[in-house]
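Okay, my_file_17.cif now, which holds mmCIF, C-alpha atoms:
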data_protein
loop_
_atom_site.label_atom_id
_atom_site.label_comp_id
_atom_site.auth_asym_id
_atom_site.auth_seq_id
_atom_site.Cartn_x
_atom_site.Cartn_y
_atom_site.Cartn_z
CA MET Y 247 0.00 0.00 0.00
CA ALA Y 248 1.09 3.59 -0.61
CA ASN Y 249 -0.09 7.22 -0.57
CA ALA Y 250 -2.05 6.97 2.66
CA THR Y 251 -3.96 10.17 3.60
CA GLY Y 252 -5.19 10.88 7.11
CA ALA Y 253 -3.54 7.63 8.13
CA THR Y 254 -0.19 5.92 8.40
CA LEU Y 255 0.82 2.64 6.79
CA GLY Y 256 1.25 -0.21 9.18
CA THR Y 257 4.02 -2.78 9.16
CA GLN Y 258 2.01 -5.14 6.88
CA SER Y 259 1.92 -2.67 4.04
CA THR Y 260 2.66 -5.31 1.37
CA ALA Y 261 1.07 -8.68 0.47
CA THR Y 262 1.17 -11.35 -2.32
CA LEU Y 263 -1.85 -12.53 -4.32
CA SER Y 264 -1.52 -16.11 -5.65
CA ILE Y 265 -3.66 -17.01 -8.69
CA LEU Y 266 -4.32 -20.73 -8.47
CA ASP Y 267 -4.41 -22.40 -11.94
CA ASN Y 268 -7.47 -24.58 -12.40
CA ASP Y 269 -6.37 -25.98 -15.75
CA SER Y 270 -5.37 -29.57 -16.60
CA SER Y 271 -3.22 -30.88 -19.44
CA LEU Y 272 -4.14 -34.21 -21.05
CA GLN Y 273 -1.67 -36.13 -23.22
CA PHE Y 274 -0.42 -39.58 -24.15
CA SER Y 275 2.15 -41.07 -21.79
CA ALA Y 276 4.50 -42.01 -24.66
CA PRO Y 277 4.91 -41.30 -28.39
CA THR Y 278 4.69 -44.99 -29.35
CA PHE Y 279 2.76 -48.02 -28.11
CA ARG Y 280 2.98 -51.66 -29.18
CA VAL Y 281 0.66 -54.67 -29.22
CA ASN Y 282 0.85 -58.20 -30.62
CA GLU Y 283 -1.86 -59.11 -33.12
CA ASN Y 284 -3.55 -61.78 -31.03
CA GLY Y 285 -7.12 -60.52 -30.71
CA THR Y 286 -6.76 -59.12 -27.18
CA PRO Y 287 -7.30 -55.42 -26.37
CA VAL Y 288 -4.35 -53.09 -26.08
CA ALA Y 289 -3.66 -52.44 -22.39
CA ALA Y 290 -0.60 -50.19 -22.66
CA VAL Y 291 -1.98 -47.03 -24.34
CA THR Y 292 -2.36 -44.53 -21.52
CA VAL Y 293 -3.49 -40.91 -21.21
CA THR Y 294 -2.15 -38.76 -18.34
CA ARG Y 295 -3.48 -35.67 -16.57
CA THR Y 296 -1.09 -33.04 -15.27
CA GLY Y 297 -1.69 -29.66 -13.65
CA ASN Y 298 -4.73 -28.87 -11.50
CA VAL Y 299 -7.01 -31.79 -10.74
CA THR Y 300 -9.92 -29.69 -9.54
CA GLY Y 301 -12.99 -30.46 -11.54
CA ALA Y 302 -13.82 -33.21 -14.00
CA VAL Y 303 -12.16 -33.18 -17.43
CA SER Y 304 -12.27 -35.40 -20.50
CA ALA Y 305 -10.99 -35.83 -24.05
CA THR Y 306 -11.44 -38.18 -27.00
CA VAL Y 307 -8.89 -40.57 -28.50
CA ASN Y 308 -9.37 -40.64 -32.26
CA LEU Y 309 -7.92 -43.49 -34.33
CA ALA Y 310 -6.89 -43.18 -37.98
CA ASP Y 311 -5.37 -45.61 -40.44
CA GLY Y 312 -1.62 -45.73 -40.75
CA THR Y 313 -0.51 -48.89 -42.54
CA ALA Y 314 -3.20 -50.74 -40.56
CA THR Y 315 -6.76 -50.26 -41.77
CA ALA Y 316 -10.09 -50.37 -39.93
CA PRO Y 317 -12.11 -52.50 -39.56
CA GLY Y 318 -9.81 -55.20 -40.99
CA ASP Y 319 -6.96 -54.65 -38.52
CA TYR Y 320 -8.51 -52.75 -35.61
CA THR Y 321 -11.73 -51.10 -34.39
CA GLY Y 322 -11.63 -47.41 -35.28
CA THR Y 323 -14.40 -46.11 -32.99
CA PRO Y 324 -13.34 -42.95 -31.06
CA ILE Y 325 -12.67 -43.65 -27.36
CA PRO Y 326 -13.62 -41.19 -24.56
CA VAL Y 327 -11.16 -40.62 -21.70
CA ASN Y 328 -12.66 -39.27 -18.44
CA PHE Y 329 -11.02 -37.91 -15.28
CA ALA Y 330 -13.21 -37.18 -12.25
CA ALA Y 331 -12.59 -34.17 -10.02
CA GLY Y 332 -9.42 -34.80 -8.02
CA ASP Y 333 -8.44 -37.76 -10.25
CA ALA Y 334 -4.90 -37.66 -11.64
CA ALA Y 335 -4.40 -41.39 -12.19
CA PRO Y 336 -3.39 -42.36 -15.77
CA LYS Y 337 -6.23 -43.81 -17.83
CA ILE Y 338 -5.81 -46.95 -19.94
CA VAL Y 339 -7.30 -46.94 -23.44
CA ASN Y 340 -8.32 -50.39 -24.77
CA ILE Y 341 -8.23 -50.69 -28.56
CA PRO Y 342 -9.52 -54.01 -29.97
CA ILE Y 343 -7.15 -55.56 -32.53
CA VAL Y 344 -8.34 -57.98 -35.24
CA ASN Y 345 -6.31 -61.21 -35.34
CA ASP Y 346 -6.40 -61.93 -39.07
CA THR Y 347 -4.45 -64.60 -40.96
CA LEU Y 348 -2.67 -62.24 -43.37
CA VAL Y 349 1.11 -61.91 -43.35
CA GLU Y 350 1.38 -58.12 -43.11
CA GLY Y 351 4.47 -57.34 -41.08
CA LEU Y 352 4.41 -54.42 -38.62
CA GLU Y 353 1.38 -52.12 -39.11
CA THR Y 354 0.54 -48.77 -37.52
CA VAL Y 355 -2.49 -46.88 -36.19
CA ASN Y 356 -2.37 -43.09 -35.69
CA LEU Y 357 -3.74 -41.87 -32.33
CA THR Y 358 -4.85 -38.29 -31.64
CA LEU Y 359 -6.23 -36.64 -28.47
CA ALA Y 360 -9.01 -34.15 -29.24
CA ASN Y 361 -12.10 -32.40 -27.83
CA PRO Y 362 -10.90 -31.52 -24.30
CA THR Y 363 -13.65 -30.54 -21.85
CA GLY Y 364 -13.71 -28.83 -18.45
CA ASN Y 365 -10.59 -26.87 -17.69
CA ALA Y 366 -8.47 -29.23 -19.82
CA SER Y 367 -6.18 -28.63 -22.74
CA ILE Y 368 -4.20 -31.05 -24.93
CA GLY Y 369 -0.54 -31.29 -23.94
CA THR Y 370 2.53 -31.51 -26.13
CA GLN Y 371 2.16 -35.29 -26.57
CA GLY Y 372 -1.20 -34.95 -28.26
CA THR Y 373 -0.47 -37.66 -30.83
CA ALA Y 374 0.98 -41.17 -30.70
CA ILE Y 375 1.47 -44.24 -32.89
CA LEU Y 376 0.24 -47.74 -32.09
CA ASN Y 377 2.38 -50.50 -33.66
CA ILE Y 378 0.58 -53.79 -34.35
CA VAL Y 379 3.10 -56.65 -34.41
CA ASP Y 380 1.95 -59.31 -36.88
CA ASN Y 381 1.67 -62.85 -35.49
CA ASP Y 382 1.02 -64.56 -38.84
CA SER Y 383 3.29 -66.87 -40.82
CA SER Y 384 3.37 -67.68 -44.52
CA LEU Y 385 4.43 -71.17 -45.61
CA GLN Y 386 5.56 -71.80 -49.17
CA PHE Y 387 8.03 -73.72 -51.31
CA SER Y 388 11.45 -72.10 -51.53
CA ALA Y 389 11.52 -72.49 -55.34
CA PRO Y 390 9.12 -73.32 -58.19
CA THR Y 391 11.17 -76.32 -59.41
CA PHE Y 392 13.31 -79.00 -57.77
CA SER Y 393 15.23 -81.87 -59.38
CA VAL Y 394 16.62 -85.24 -58.31
CA ASN Y 395 18.52 -88.01 -60.05
CA GLU Y 396 16.68 -91.31 -60.29
CA ASP Y 397 19.04 -93.28 -58.10
CA GLY Y 398 16.79 -94.53 -55.30
CA THR Y 399 17.95 -92.00 -52.70
CA PRO Y 400 15.53 -89.57 -51.00
CA VAL Y 401 15.14 -86.10 -52.40
CA ALA Y 402 16.96 -83.75 -50.03
CA ALA Y 403 16.51 -80.45 -51.90
CA VAL Y 404 12.74 -79.81 -51.70
CA THR Y 405 12.33 -77.15 -49.01
CA VAL Y 406 9.44 -75.31 -47.40
CA SER Y 407 10.11 -71.86 -45.92
CA ARG Y 408 8.35 -69.84 -43.21
CA THR Y 409 8.16 -66.06 -43.50
CA GLY Y 410 6.52 -63.45 -41.31
CA SER Y 411 6.12 -64.03 -37.59
CA GLY Y 412 7.86 -66.93 -35.87
CA ASN Y 413 5.40 -66.82 -32.97
CA GLY Y 414 3.58 -70.06 -32.27
CA ALA Y 415 3.83 -73.51 -33.81
CA VAL Y 416 2.54 -73.86 -37.39
CA SER Y 417 2.32 -76.68 -39.90
CA ALA Y 418 1.13 -77.65 -43.38
CA THR Y 419 0.96 -80.71 -45.63
CA VAL Y 420 2.88 -81.38 -48.85
CA ASN Y 421 0.68 -83.31 -51.28
CA LEU Y 422 2.18 -85.18 -54.24
CA THR Y 423 0.28 -85.89 -57.46
CA ASP Y 424 1.29 -87.53 -60.72
CA GLY Y 425 2.72 -85.43 -63.49
CA THR Y 426 4.50 -87.54 -66.07
CA ALA Y 427 5.86 -89.61 -63.17
CA THR Y 428 3.37 -91.99 -61.57
CA ALA Y 429 3.13 -93.42 -58.06
CA PRO Y 430 4.05 -95.98 -56.86
CA GLY Y 431 6.11 -96.91 -59.93
CA ASP Y 432 8.31 -93.78 -59.90
CA TYR Y 433 7.91 -92.33 -56.39
CA THR Y 434 6.07 -92.70 -53.07
CA GLY Y 435 2.99 -90.47 -53.10
CA THR Y 436 2.17 -90.37 -49.37
CA PRO Y 437 1.38 -86.80 -48.13
CA ILE Y 438 4.19 -85.33 -46.02
CA PRO Y 439 3.62 -83.12 -42.93
CA VAL Y 440 5.82 -80.04 -42.44
CA ASN Y 441 6.12 -78.71 -38.87
CA PHE Y 442 7.63 -75.50 -37.48
CA ALA Y 443 7.97 -75.09 -33.71
CA ALA Y 444 7.33 -71.75 -32.01
CA GLY Y 445 10.17 -69.41 -32.90
CA ASP Y 446 11.44 -71.70 -35.66
CA THR Y 447 11.90 -70.04 -39.07
CA ALA Y 448 14.54 -72.40 -40.51
CA ASP Y 449 13.69 -73.99 -43.87
CA LYS Y 450 12.38 -77.54 -43.66
CA THR Y 451 13.64 -80.27 -46.02
CA ILE Y 452 11.15 -82.70 -47.55
CA ASN Y 453 12.43 -86.21 -48.34
CA ILE Y 454 10.53 -87.93 -51.16
CA PRO Y 455 11.60 -91.52 -51.94
CA ILE Y 456 12.27 -92.05 -55.65
CA LEU Y 457 12.13 -95.49 -57.31
CA ASP Y 458 15.21 -96.35 -59.38
CA ASP Y 459 13.63 -98.39 -62.16
CA ILE Y 460 15.33 -99.68 -65.32
CA LEU Y 461 12.95 -98.02 -67.79
CA LEU Y 462 14.18 -95.45 -70.28
CA GLU Y 463 11.74 -92.64 -69.51
CA GLY Y 464 13.56 -89.35 -69.87
CA THR Y 465 12.89 -86.58 -67.34
CA GLU Y 466 9.61 -87.09 -65.46
CA ASN Y 467 7.89 -84.73 -63.03
CA ILE Y 468 5.75 -84.73 -59.89
CA SER Y 469 3.36 -81.92 -58.93
CA LEU Y 470 3.74 -80.67 -55.33
CA SER Y 471 1.20 -78.56 -53.43
CA LEU Y 472 1.07 -77.10 -49.90
CA THR Y 473 -2.28 -77.37 -48.09
CA ASN Y 474 -3.93 -77.51 -44.65
CA PRO Y 475 -2.09 -74.70 -42.79
CA THR Y 476 -2.49 -74.71 -39.00
CA GLY Y 477 -1.78 -72.19 -36.24
CA ASN Y 478 -1.39 -68.60 -37.43
CA ALA Y 479 -0.17 -69.80 -40.84
CA SER Y 480 -1.37 -69.21 -44.36
CA ILE Y 481 -0.11 -70.59 -47.65
CA GLY Y 482 2.10 -68.14 -49.55
CA THR Y 483 2.26 -67.35 -53.25
CA GLN Y 484 4.64 -70.26 -54.02
CA SER Y 485 2.02 -72.82 -52.99
CA THR Y 486 2.91 -75.27 -55.77
CA ALA Y 487 6.14 -76.63 -57.24
CA ASN Y 488 7.40 -79.27 -59.66
CA LEU Y 489 9.86 -82.03 -58.85
CA ASP Y 490 11.80 -83.22 -61.91
CA ILE Y 491 13.11 -86.80 -61.78
CA LEU Y 492 16.17 -87.04 -64.02
CA ASP Y 493 16.29 -90.50 -65.59
CA ASN Y 494 19.54 -92.39 -64.95
CA ASP Y 495 18.80 -95.18 -67.44
CA SER Y 496 20.50 -95.79 -70.78
CA SER Y 497 19.30 -97.72 -73.82
CA LEU Y 498 21.81 -99.68 -75.93
CA GLN Y 499 20.87 -100.79 -79.43
CA PHE Y 500 22.18 -101.37 -82.93
CA SER Y 501 22.24 -98.27 -85.09
CA ALA Y 502 20.43 -100.08 -87.94
CA PRO Y 503 18.44 -103.29 -88.49
CA THR Y 504 20.86 -104.56 -91.19
CA PHE Y 505 24.61 -104.34 -91.85
CA ARG Y 506 26.59 -105.52 -94.91
CA VAL Y 507 30.16 -106.65 -95.54
CA ASN Y 508 32.02 -108.10 -98.53
CA GLU Y 509 33.58 -111.51 -97.95
CA ASN Y 510 37.17 -110.43 -98.32
CA GLY Y 511 38.69 -111.26 -94.96
CA ARG Y 512 38.56 -107.75 -93.59
CA VAL Y 513 36.76 -106.91 -90.32
CA VAL Y 514 33.35 -105.32 -90.35
CA ALA Y 515 33.71 -101.65 -89.49
CA ALA Y 516 30.10 -100.56 -89.91
CA VAL Y 517 28.28 -102.53 -87.20
CA THR Y 518 27.66 -99.94 -84.49
CA VAL Y 519 25.95 -99.90 -81.11
CA THR Y 520 24.45 -96.64 -79.84
CA ARG Y 521 23.67 -95.35 -76.36
CA THR Y 522 20.61 -93.16 -75.79
CA GLY Y 523 19.11 -91.67 -72.65
CA ASN Y 524 21.21 -90.79 -69.60
CA SER Y 525 24.99 -91.04 -70.04
CA ASN Y 526 25.85 -90.94 -66.32
CA GLY Y 527 27.70 -94.03 -65.18
CA ALA Y 528 29.49 -96.76 -67.08
CA VAL Y 529 27.32 -99.27 -68.98
CA SER Y 530 28.03 -102.29 -71.16
CA ALA Y 531 26.41 -105.06 -73.16
CA THR Y 532 27.42 -108.11 -75.18
CA VAL Y 533 26.90 -108.67 -78.90
CA ASN Y 534 26.11 -112.35 -79.48
CA LEU Y 535 26.39 -113.85 -82.97
CA ASN Y 536 24.21 -116.73 -84.14
CA ASN Y 537 24.15 -118.69 -87.38
CA GLY Y 538 21.75 -117.63 -90.05
CA THR Y 539 22.61 -118.99 -93.50
CA ALA Y 540 26.22 -118.21 -92.62
CA ILE Y 541 27.83 -120.87 -90.40
CA ALA Y 542 30.52 -120.27 -87.77
CA PRO Y 543 33.45 -120.81 -87.78
CA ASN Y 544 33.60 -121.39 -91.54
CA ASP Y 545 32.02 -118.07 -92.53
CA TYR Y 546 32.66 -115.85 -89.48
CA SER Y 547 33.97 -115.87 -85.90
CA ASN Y 548 31.08 -116.06 -83.45
CA SER Y 549 32.85 -115.19 -80.22
CA PRO Y 550 30.69 -112.83 -78.12
CA ILE Y 551 31.87 -109.22 -78.34
CA ALA Y 552 31.76 -106.82 -75.36
CA VAL Y 553 30.57 -103.25 -75.93
CA ASN Y 554 31.57 -100.74 -73.24
CA PHE Y 555 30.55 -97.11 -72.62
CA ALA Y 556 32.38 -95.09 -69.98
CA SER Y 557 30.53 -92.65 -67.72
CA GLY Y 558 29.50 -89.65 -69.80
CA ASP Y 559 30.27 -91.47 -73.06
CA SER Y 560 27.46 -91.54 -75.59
CA ALA Y 561 29.56 -91.92 -78.76
CA PRO Y 562 28.54 -94.90 -80.97
CA LYS Y 563 30.75 -97.98 -80.60
CA ILE Y 564 32.01 -99.99 -83.58
CA VAL Y 565 31.83 -103.77 -83.34
CA ASN Y 566 34.46 -105.67 -85.36
CA ILE Y 567 33.34 -109.11 -86.55
CA PRO Y 568 35.98 -111.21 -88.38
CA ILE Y 569 34.69 -112.68 -91.66
CA VAL Y 570 36.20 -115.82 -93.30
CA ASN Y 571 37.02 -115.33 -96.96
CA ASP Y 572 36.37 -118.84 -98.24
CA THR Y 573 36.37 -120.04 -101.85
CA LEU Y 574 32.85 -121.43 -101.89
CA VAL Y 575 30.13 -120.00 -104.06
CA GLU Y 576 27.49 -119.44 -101.39
CA GLY Y 577 25.59 -116.34 -102.34
CA THR Y 578 24.65 -113.81 -99.72
CA GLU Y 579 24.74 -115.31 -96.20
CA GLU Y 580 23.45 -113.95 -92.90
CA SER Y 581 24.38 -114.04 -89.24
CA THR Y 582 22.10 -112.79 -86.48
#
Hey, can you dump this file as structure tokens for me?
Amino acid sequence: MANATGATLGTQSTATLSILDNDSSLQFSAPTFRVNENGTPVAAVTVTRTGNVTGAVSATVNLADGTATAPGDYTGTPIPVNFAAGDAAPKIVNIPIVNDTLVEGLETVNLTLANPTGNASIGTQGTAILNIVDNDSSLQFSAPTFSVNEDGTPVAAVTVSRTGSGNGAVSATVNLTDGTATAPGDYTGTPIPVNFAAGDTADKTINIPILDDILLEGTENISLSLTNPTGNASIGTQSTANLDILDNDSSLQFSAPTFRVNENGRVVAAVTVTRTGNSNGAVSATVNLNNGTAIAPNDYSNSPIAVNFASGDSAPKIVNIPIVNDTLVEGTEEST
């Protein structure tokens, strides 16, 4: 106080007036929240109240699509947040999440605080992001085509891969159907289960027994398909594949039905044996000679003749048959 007239100022001539703020600030407790896509509500998104707690205040949490979309991934209904007079305890916001079977990776929802009431305002953390962690797996073949040599050993190169989340155990079935190969003559067609334990994302090898027959068939194929996913698994884009069985059989035969030689004591140089089909591995056969109108040993030497092909060798082989140049007038003679 000052400028007193007709009076003097006492010792308490000054005083302080305190203006008590009755305003509250509402905001998210963190810039980012996280939830696993398992169908349960989010329990970690919280809104806090700071400042004066006198009087009731409220706000609304609005949800908008980020990479997640409503209603497929979450429920987008706005959520009210209410604080009673004197209440400063953080409030939990429960946002229902849809547990779909799509392999989507991490998806986001944008959160915004709006529409404050009472003596409330929106604080600096008025927005936040909710991350939805995908719990789905995709199972598929690692390649569109596999191959195996027809040698009776199991196929060790057909693999099934798991992508996406490794949470939870998942499985599927590999079905085998005839292409140009047929079961059980060329392979065992029993369906094969494929299992991944929780946390396991390592490729799984499928062993398919192959029958090593002696037929000259060329390359044959089996159609493979993945079906019956379990757990949080779906079948990926590479849901089918082909298994090529590479024939390991060779065919040996004469190059022509008839050969001809003049009876002049020289060896036959035109009788040839050919190899067709697979050239892997060494193969052999024996040329046997039998009397036709020509008689051994007077007209030819009938000792059996070995024909050998080394591994990788498919060049025709010449068979030399000694002919006896006699002095008889016999006409054309034959040996088979």
*Written as a count of residues only, which residues does the PyMOL selection byres ((chain Y and resi 486) around 8) give for the file shown?*
11
Mind dumping a table of every stretch 361-446 of chain Y residue within 12 Å of stretch 329-339 of chain Y, with the nearest atom pair and its distance in Å to one decimal, using only C-alpha atoms, sorted by chain and rising number, as JSON lines?
{"residue": "Y:Pro362", "atom": "CA", "partner": "Y:Phe329", "partner_atom": "CA", "distance": 11.1}
{"residue": "Y:Thr363", "atom": "CA", "partner": "Y:Phe329", "partner_atom": "CA", "distance": 10.2}
{"residue": "Y:Gly364", "atom": "CA", "partner": "Y:Phe329", "partner_atom": "CA", "distance": 10.0}
{"residue": "Y:Asn365", "atom": "CA", "partner": "Y:Ala331", "partner_atom": "CA", "distance": 10.8}
{"residue": "Y:Ala366", "atom": "CA", "partner": "Y:Phe329", "partner_atom": "CA", "distance": 10.1}
{"residue": "Y:Leu376", "atom": "CA", "partner": "Y:Val339", "partner_atom": "CA", "distance": 11.5}
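Remark: for Y:Thr476, the closest of the candidate residues Y:Ile375, Y:Val288, Y:Leu492, Y:Ala418 is Y:Ala418 (distances computed over only C-alpha atoms).
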*Quick one: pull the distance between atom CA of Y:Ile569 and atom CA of Y:Val519, Å, one decimal.*
18.7 Å
Could you tell me, as a PDB file with C-alpha atoms, keeping the file's coordinate frame, exactly which residues end up selected when the PyMOL selection byres ((chain Y and resi 467) around 7) is applied to this structure?
ATOM      1  CA  GLY Y 425       2.720 -85.430 -63.490  1.00  0.00           C
ATOM      2  CA  THR Y 426       4.500 -87.540 -66.070  1.00  0.00           C
ATOM      3  CA  ALA Y 427       5.860 -89.610 -63.170  1.00  0.00           C
ATOM      4  CA  THR Y 465      12.890 -86.580 -67.340  1.00  0.00           C
ATOM      5  CA  GLU Y 466       9.610 -87.090 -65.460  1.00  0.00           C
ATOM      6  CA  ILE Y 468       5.750 -84.730 -59.890  1.00  0.00           C
ATOM      7  CA  SER Y 469       3.360 -81.920 -58.930  1.00  0.00           C
ATOM      8  CA  ASN Y 488       7.400 -79.270 -59.660  1.00  0.00           C
ATOM      9  CA  LEU Y 489       9.860 -82.030 -58.850  1.00  0.00           C
ATOM     10  CA  ASP Y 490      11.800 -83.220 -61.910  1.00  0.00           C
ATOM     11  CA  ILE Y 491      13.110 -86.800 -61.780  1.00  0.00           C
TER      12      ILE Y 491
END
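Take atom CA of Y:Glu353 and atom CA of Y:Asn282: the distance between them is 10.5 Å.
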